[in-house]
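Down below is the structure, laid out as structure tokens.
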Number of protein chains: 2
Amino acid sequence: MQNTPRTARGRDSRDRIVAAAAELMATGGVEGTSIDAVLAAAGASKSQLYHYFTDRQGLIRAVIAHQTEVVVDAQSARLARVGTWPELRRWLEEIVEFQQDHECRVGCPIGSIAAEVAGHDDDARHDLAVSFGRWRDDLAAVFRRMRDSGEVHAGADPDQLAITTLATVQGALLLGKVHRTAEPLRVTLDTLHRWLRAEAAPPHENDR
Amino acid sequence: MQNTPRTARGRDSRDRIVAAAAELMATGGVEGTSIDAVLAAAGASKSQLYHYFTDRQGLIRAVIAHQTEVVVDAQSARLARVGTWPELRRWLEEIVEFQQDHECRVGCPIGSIAAEVAGHDDDARHDLAVSFGRWRDDLAAVFRRMRDSGEVHAGADPDQLAITTLATVQGALLLGKVHRTAEPLRVTLDTLHRWLRAEAAPPHENDR
DNA sequence: CCCCTATTGGACTGTTCAGTCCAGAACTTA
DNA sequence: TAAGTTCTGGACTGAACAGTCCAATAGGGG
């Protein structure tokens with residue numbers, strides 16, 4: 001019935017359901033995860049789920065919102081601290097390290113959901129477009145800052161760099177997930193970094 | 001029972017089933033496509049399907065093989081005709097055009113299946129790794145040819161360029177699918193092309 | 001033509017699924 | 001503490017699902 005939780009207990013129940021669904025869907029896919037499996041994992045009952053969500057699709061969209069919070073919001077905070085080339089490099093390295101620590105099993109939760117539902121769930125697709133849009137904007141802000149501070153040359157287009165960076169990261173995460181190795185991820189993000197560096201402002205133009 | 005078709009009629013039946021499954025799974029996702037839906041679309045009966053495939057997973061792997069044939073084999077033939085920068089650019093443009101013509105609805109069939117099943121079907125994941133590996137090798141062959149002919153500078157690593165190119169293309173296709181616009185695809189592949197061009201051999205080193 | 005194998009139709013089974021429903025428990029507010 | 005609301009347990013339903021089975025047909029080699 002799509003109720004908003006009004007008590008701490010209700011909020012906790014809803015959160016447990018969404019967290020369990022997010023975890024199961026990340027590994028088993030969206031359509032491969034049943035309501036019953038989610039409830040078993042969350043230790044909740046059916047009436048709880050249908051009290052907070054209209055139907056399965058509502059739960060899926062809540063999972064997308066949850067993963068956006070986990071992934072994009074975290075990236076937003078992380079990217080806010082990126083303003084130099086070494087910091088950008090570090091950001092890319094952390095992505096590789098994270099995947100390595102998780103055996104490349106998940107890739108990007110948002111990207112995985114997107115690939116699965118974008119074709120047949122227009123509402124979910126829209127939510128995901130917004131999430132990706134925010135991520136792209138955060139990246140564009142980084143490149144804009146770096147351009148303003150002279151780390152990136154004046155002619156560079158921060159938006160284009162952001163879109164390309166996001167696409168490359170997503171593709172690299174997919175390849176890593178398929179090969180279950182951080183190797184393609186490492187190679188790709190390394191090359192991406194090298195190419196991005198070519199957007200740096202020539203030192204002789206800024207250092208005088 | 002995983003029988004190989006022994007007559008023309010049997011081969012036709014099997015092909016119809018796989019083609020219908022591939023089409024449905026491309027739009028509705030793998031787990032979102034039921035056996036019954038496949039049979040209805042193919043105009044076949046259950047005993048036909050279970051005569052040629054052991055189970056649902058067998059059908060999925062056959063679909064992966066089919067899409068590999070359609071996508072990777074086609075790319076292989078297409079990339080065999082790429083050996084110069086304008087030809088490489090043309091190849092990237094064709095990807096954008098194809099997606100535009102299909103309203104970015106499908107993205108890459110291989111990539112979509114990969115994102116969905118890589119997490120929980122190890123056999124399928126392996127098949128997909130092989131498919132992506134072949135695609136990468138074909139791309140590496142292009143860059144190796146271009147290096148040998150002096151279009152790419154001697155220090156470039158064809159394998160790294162191939163992996164990064166494949167990852168970027170896959171990521172761009174995903175973004176296009178989510179936004180249902182060729183715009184991010186166009187921007188990303190444009191930028192990718194610009195960056196790849198930086199791997200070109202300096203003219204003064206080869207033109208004398 | 002006959003025999004043998006490949007192929008096919010479709011009914012059937014048992015399970016799992018999403019979603020409904022209602023009675024009762026827990027909590028809030030006054 | 002009493003009334004009103006929120007939350008919860010879990011049985012129940014009907015549909016959809018993957019997979020089985022067998023009888024029947026089609027087609028090819030002799």
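Identifiers for the structure tokens are assigned positionally: chains receive A, B, ... in sequence, residues are indexed from 1 per chain, and ligands are indexed from 1 in the order shown.
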
Pull the closest atom pair for each residue of chain B that gets at most 7 Å from chain C, along with the distance in Å to one decimal, counting only C-alpha atoms (C1' of nucleotides), ordering rows by chain and then ascending residue number, as a Markdown table.
```
| residue | atom | partner | partner_atom | distance |
| --- | --- | --- | --- | --- |
| B:Gly10 | CA | C:DT7 | C1' | 6.9 |
| B:Ser45 | CA | C:DG9 | C1' | 6.7 |
| B:Ser47 | CA | C:DT8 | C1' | 6.9 |
| B:Gln48 | CA | C:DT8 | C1' | 6.6 |
```

Find the residues of chain D that sit at most 8 Å from chain B; for each, write down the nearest two atoms and how far apart they are in Å, to one decimal. Count only C-alpha atoms (C1' of nucleotides). Sort by chain, then by number going up, and give it as JSON lines.
```
{"residue": "D:DC17", "atom": "C1'", "partner": "B:Ser34", "partner_atom": "CA", "distance": 7.7}
{"residue": "D:DA18", "atom": "C1'", "partner": "B:Ile35", "partner_atom": "CA", "distance": 7.7}
{"residue": "D:DG19", "atom": "C1'", "partner": "B:Asp55", "partner_atom": "CA", "distance": 7.9}
```

*Please return, as number ranges by chain, all residues of chain A lying within 7 Å of chain B when only C-alpha atoms are considered.*
A: 27-29, 31-32, 105-106, 112, 114-116, 118-120, 125, 128-129, 160, 163-164, 167-168, 170-172, 174-175, 177-179, 184, 187-188, 191, 195

_Would you pick out the contacts of A:Ala80 at 9 Å or less, using only C-alpha atoms (C1' of nucleotides), so that residues sharing its chain but fewer than 5 positions from it are not included, and give the list as JSON, numbers by chain?_
{"A": [75, 138, 139, 141, 142]}

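Taking atom CA of B:Ser149 and atom CA of B:Gly83 as the two end points, the separation is 8.4 Å.
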
*Mind giving me the straight-line distance from atom CA of A:Asp101 to atom CA of A:Arg78 in Å, one decimal?*
18.5 Å

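Taking only C-alpha atoms (C1' of nucleotides), the non-local environment of B:Asp12 within 12 Å (same-chain residues fewer than 3 positions away omitted) comprises Thr4, Pro5, Arg6, Thr7, Ala8, Arg9, Asp15, Arg16, Ile17, Val18, Ala19, Ala42, Gly43, Ala44, Gln48 and Tyr52 of chain B; DT7 of chain C.
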
For the residues in the current selection, export C-alpha atoms (C1' of nucleotides) as an mmCIF file, in the first residue's frame.
```
data_model
loop_
_atom_site.group_PDB
_atom_site.id
_atom_site.type_symbol
_atom_site.label_atom_id
_atom_site.label_comp_id
_atom_site.auth_asym_id
_atom_site.auth_seq_id
_atom_site.Cartn_x
_atom_site.Cartn_y
_atom_site.Cartn_z
ATOM 1 C CA THR B 4 21.877 -32.509 -31.815
ATOM 2 C CA PRO B 5 19.378 -32.058 -34.628
ATOM 3 C CA ARG B 6 19.883 -34.751 -37.253
ATOM 4 C CA THR B 7 17.494 -33.542 -39.913
ATOM 5 C CA ALA B 8 16.842 -30.244 -41.641
ATOM 6 C CA ARG B 9 13.481 -30.021 -39.918
ATOM 7 C CA ASP B 15 17.094 -22.516 -34.596
ATOM 8 C CA ARG B 16 13.601 -21.071 -34.278
ATOM 9 C CA ILE B 17 13.600 -21.709 -30.536
ATOM 10 C CA VAL B 18 17.017 -20.145 -30.000
ATOM 11 C CA ALA B 19 16.191 -17.129 -32.172
ATOM 12 C CA ALA B 42 8.800 -19.759 -31.697
ATOM 13 C CA GLY B 43 5.610 -21.704 -32.403
ATOM 14 C CA ALA B 44 7.143 -24.807 -30.887
ATOM 15 C CA GLN B 48 10.837 -29.879 -28.907
ATOM 16 C CA TYR B 52 17.398 -30.181 -27.880
ATOM 17 C "C1'" DT C 7 10.709 -35.337 -34.094
#
```

*So which bits of stretch 24-152 of chain B end up alpha helix (DSSP H) when you DSSP the backbone, as number ranges by chain?*
B: 24-28, 35-42, 46-52, 56-67, 74-79, 85-101, 109-117, 122-148

Residues from last step as file, C-alpha atoms, as an mmCIF file, in the first residue's frame:
```cif
data_model
loop_
_atom_site.group_PDB
_atom_site.id
_atom_site.type_symbol
_atom_site.label_atom_id
_atom_site.label_comp_id
_atom_site.auth_asym_id
_atom_site.auth_seq_id
_atom_site.Cartn_x
_atom_site.Cartn_y
_atom_site.Cartn_z
ATOM 1 C CA LEU B 24 12.796 -12.104 -25.978
ATOM 2 C CA MET B 25 15.793 -12.124 -23.656
ATOM 3 C CA ALA B 26 17.322 -9.114 -25.389
ATOM 4 C CA THR B 27 14.318 -6.966 -24.556
ATOM 5 C CA GLY B 28 12.852 -8.589 -21.459
ATOM 6 C CA ILE B 35 10.161 -21.114 -21.399
ATOM 7 C CA ASP B 36 6.486 -20.925 -22.262
ATOM 8 C CA ALA B 37 6.891 -17.439 -23.713
ATOM 9 C CA VAL B 38 9.787 -18.649 -25.851
ATOM 10 C CA LEU B 39 7.772 -21.590 -27.148
ATOM 11 C CA ALA B 40 4.787 -19.394 -27.951
ATOM 12 C CA ALA B 41 7.017 -16.960 -29.859
ATOM 13 C CA ALA B 42 8.800 -19.759 -31.697
ATOM 14 C CA LYS B 46 7.710 -28.264 -24.962
ATOM 15 C CA SER B 47 8.977 -31.614 -26.111
ATOM 16 C CA GLN B 48 10.837 -29.879 -28.907
ATOM 17 C CA LEU B 49 12.679 -27.633 -26.504
ATOM 18 C CA TYR B 50 13.553 -30.395 -24.067
ATOM 19 C CA HIS B 51 14.611 -32.588 -26.951
ATOM 20 C CA TYR B 52 17.398 -30.181 -27.880
ATOM 21 C CA ARG B 56 16.604 -23.751 -19.085
ATOM 22 C CA GLN B 57 20.274 -23.116 -18.454
ATOM 23 C CA GLY B 58 21.136 -25.046 -21.600
ATOM 24 C CA LEU B 59 18.862 -22.788 -23.589
ATOM 25 C CA ILE B 60 20.461 -19.707 -22.050
ATOM 26 C CA ARG B 61 23.911 -20.908 -23.031
ATOM 27 C CA ALA B 62 22.648 -21.596 -26.553
ATOM 28 C CA VAL B 63 21.339 -18.033 -26.677
ATOM 29 C CA ILE B 64 24.750 -16.761 -25.596
ATOM 30 C CA ALA B 65 26.359 -18.819 -28.368
ATOM 31 C CA HIS B 66 23.806 -17.447 -30.825
ATOM 32 C CA GLN B 67 24.362 -13.819 -29.824
ATOM 33 C CA ALA B 74 29.979 -9.839 -37.252
ATOM 34 C CA GLN B 75 32.354 -7.526 -35.401
ATOM 35 C CA SER B 76 35.212 -9.824 -36.284
ATOM 36 C CA ALA B 77 34.454 -9.564 -39.979
ATOM 37 C CA ARG B 78 33.888 -5.826 -39.673
ATOM 38 C CA LEU B 79 37.109 -5.184 -37.751
ATOM 39 C CA TRP B 85 42.290 5.931 -38.474
ATOM 40 C CA PRO B 86 39.409 6.940 -40.736
ATOM 41 C CA GLU B 87 38.307 3.294 -40.852
ATOM 42 C CA LEU B 88 38.434 3.041 -37.066
ATOM 43 C CA ARG B 89 36.418 6.219 -36.767
ATOM 44 C CA ARG B 90 33.902 4.819 -39.227
ATOM 45 C CA TRP B 91 33.587 1.651 -37.127
ATOM 46 C CA LEU B 92 32.767 3.707 -34.024
ATOM 47 C CA GLU B 93 30.286 5.825 -35.980
ATOM 48 C CA GLU B 94 28.491 2.730 -37.169
ATOM 49 C CA ILE B 95 27.946 1.642 -33.580
ATOM 50 C CA VAL B 96 26.316 4.987 -32.825
ATOM 51 C CA GLU B 97 24.198 4.795 -35.963
ATOM 52 C CA PHE B 98 23.047 1.272 -35.227
ATOM 53 C CA GLN B 99 21.933 2.214 -31.740
ATOM 54 C CA GLN B 100 20.239 5.335 -33.055
ATOM 55 C CA ASP B 101 18.307 3.243 -35.557
ATOM 56 C CA PRO B 109 23.057 -8.154 -26.351
ATOM 57 C CA ILE B 110 26.192 -9.819 -25.019
ATOM 58 C CA GLY B 111 26.829 -7.085 -22.484
ATOM 59 C CA SER B 112 23.237 -7.127 -21.265
ATOM 60 C CA ILE B 113 23.212 -10.878 -20.746
ATOM 61 C CA ALA B 114 26.609 -10.653 -19.086
ATOM 62 C CA ALA B 115 25.509 -8.073 -16.551
ATOM 63 C CA GLU B 116 22.547 -10.216 -15.633
ATOM 64 C CA VAL B 117 23.930 -13.728 -15.361
ATOM 65 C CA ASP B 122 29.439 -19.615 -13.754
ATOM 66 C CA ASP B 123 29.173 -21.636 -16.955
ATOM 67 C CA ALA B 124 27.416 -18.815 -18.764
ATOM 68 C CA ARG B 125 29.901 -16.343 -17.339
ATOM 69 C CA HIS B 126 32.727 -18.417 -18.781
ATOM 70 C CA ASP B 127 31.101 -18.520 -22.221
ATOM 71 C CA LEU B 128 30.711 -14.752 -22.104
ATOM 72 C CA ALA B 129 34.322 -14.288 -21.040
ATOM 73 C CA VAL B 130 35.366 -16.251 -24.110
ATOM 74 C CA SER B 131 33.123 -14.136 -26.346
ATOM 75 C CA PHE B 132 34.468 -10.878 -24.935
ATOM 76 C CA GLY B 133 37.966 -12.301 -25.239
ATOM 77 C CA ARG B 134 37.502 -12.913 -28.945
ATOM 78 C CA TRP B 135 36.154 -9.415 -29.461
ATOM 79 C CA ARG B 136 39.120 -7.988 -27.564
ATOM 80 C CA ASP B 137 41.558 -10.059 -29.617
ATOM 81 C CA ASP B 138 40.014 -8.818 -32.860
ATOM 82 C CA LEU B 139 40.427 -5.256 -31.640
ATOM 83 C CA ALA B 140 44.000 -5.958 -30.566
ATOM 84 C CA ALA B 141 44.689 -7.302 -34.056
ATOM 85 C CA VAL B 142 43.464 -4.005 -35.502
ATOM 86 C CA PHE B 143 45.793 -1.966 -33.304
ATOM 87 C CA ARG B 144 48.667 -4.355 -33.974
ATOM 88 C CA ARG B 145 48.133 -3.983 -37.712
ATOM 89 C CA MET B 146 47.980 -0.236 -37.347
ATOM 90 C CA ARG B 147 51.174 -0.263 -35.320
ATOM 91 C CA ASP B 148 52.946 -2.387 -37.898
#
```

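Put simply, atom CA of A:Gly155 is 29.1 Å away from atom CA of B:Gly150.
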